[in-house]
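Encoded as structure tokens, the structure appears first; notes follow it.
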Amino acid sequence: MIFFYYHTNTMEGKTVISFANVSANYDNKHDVLSDVSFNISDGSFYFLTGTSGAGKTTLLRLIYQLHKPSSGTVKLFGHDCEKLSHDDISILRHKMAIVFQEYSLISHMTVFDNIALPLRVRGISNDKIKKLVTKTLEWVGLGKYANAYPVELSGGQQQRVSVARAIIIQPAILLADEPTGNLDDENASRLMELFIQMNKTFGTTIILATHNKKLLDNYAFPVISIENHHVSFTNARDKKTSATTRQWKGPQPQNYFNEISKQFEEIGKAS
């Protein structure tokens, strides 16, 4: 078995996602992605764009190892995924988190338990789980919904629960498929600032799929574009922070992350 060791301070500047001549299809039909090659360094933040059906979700699924390429090589944290066992892939996924459009919440679990699930899998104590989940719920604006069930929430609220469940593990790589698609401008801005602070504070590598032109215009991150089964990259534009971001009234992201980072350090010492 291969053991994966990852810490943002020691991996700085290194490639964490690598595609070499990767093609992907479903049921051996026409390629959704064809001959895709790129390297992404740790600590990067990319938007992922393309028309509906272009292959954005397929690209994210390839990275998270939910779909295998029909040809080519996918490497994560320097490891060739084709050569890894099922157990190795499971260990690798503990370093990543993914947020899908369809939320993927467990219907018979409360909001609290949905968010707590990845911590429980990791054997974190109930006392610390309660602190972390409570704080994360406050951050995403759902503090009073801890005991609610997914069916009782709006689509936008369910999306925020899905994001909360992903970020609570402090992933090295965060993949997000249209996470702001069902949110109003204020809550979309809240989530964007959260992602930005994850990237800045923890060095989390983030790929965020979106077709929201306002996000693309307001935030100066490089763009991965998928068109005609191929991938191209556009450098970040030198833009000022948008009025939407300046007017954001949520909790201060840096304070939140400083505090939650300390709690994770305590968890690590206690494990």
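Residues in the structure tokens are named by chain (A, B, ... in the order shown) and by number from 1 within that chain; ligands are numbered from 1 in the order shown.
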*asked:* Residues within 12 Å of Leu105 (chain A), please, as a ChimeraX atom specification. Count only C-alpha atoms; anything in the same chain fewer than 5 positions from it doesn't count.
replied: /A:99-100,110-117,149-151,153,155,157-166
*Surrounding residues of Tyr64 (chain A) excluding itself and chain neighbours under 4 positions, 8 Å, only C-alpha atoms, as an MDAnalysis selection string*: chainID A and resid 60 93 96 98
*Smallest atom-to-atom distance to Val133 (chain A): which of A:Arg120, A:Lys75, A:His211, A:Arg61, using only C-alpha atoms?*
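Of all the options, A:Arg120 lies closest to Val133 (chain A).
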_Please compute the CA of Asn21 (chain A)-CA of Ser90 (chain A) distance, one decimal, in Å._
24.3 Å
*Write down as an MDAnalysis selection string the residues belonging to region 65-194 of chain A that are assigned strand (DSSP E) by DSSP computed on the backbone.*
chainID A and resid 71:76 79:80 96:99 173:177
*Between CA of Lys214 (chain A) and CA of Gly141 (chain A), what is the spacing in Å?*
22.0 Å
*Hey, what does DSSP flag as alpha helix (DSSP H) within region 110-240 of chain A? Can you give it to me as JSON, numbers by chain?*
{"A": [111, 112, 113, 114, 115, 116, 117, 118, 119, 120, 121, 126, 127, 128, 129, 130, 131, 132, 133, 134, 135, 136, 137, 138, 139, 155, 156, 157, 158, 159, 160, 161, 162, 163, 164, 165, 166, 167, 185, 186, 187, 188, 189, 190, 191, 192, 193, 194, 195, 196, 197, 198, 199, 200, 201, 202, 213, 214, 215, 216, 217, 218]}
*CA of Asp177 (chain A) and CA of His30 (chain A), how far apart in Å?*
22.7 Å
*Using only C-alpha atoms, which of the listed residues (A:Phe47, A:Ile129, A:Phe77, A:Leu59) sits closest to Ser18 (chain A)?*
A:Phe77
*Spatial neighbours of Ser71 (chain A), 8 Å, only C-alpha atoms, chain gap at least 6 places, as a list in words*: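 Listing them by chain and then by number gives Asn21, Val22, Ser23 and Ala24 of chain A.
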*May I ask which of the residues A:Leu33, A:Leu191, A:Ala148, A:Ala209 is the closest one to Gly50 (chain A), counting only C-alpha atoms?*
A:Ala209
*Select, from A:Leu62, A:Lys56, A:Pro179, A:Gly43, the residue with the minimum atom-to-atom distance to Leu215 (chain A), counting only C-alpha atoms.*
A:Pro179
_Nearest-residue call for Asn199 (chain A), choices A:Asn235, A:Asn25, A:Gln170, A:Ser107, using only C-alpha atoms_ =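 Using only C-alpha atoms, the shortest distance to Asn199 (chain A) belongs to A:Gln170.
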*Using only C-alpha atoms, which of A:Val32, A:Leu208, A:Lys83, A:Trp139 sits nearest Ser52 (chain A)?*
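Among the listed residues, A:Val32 lies closest to Ser52 (chain A).
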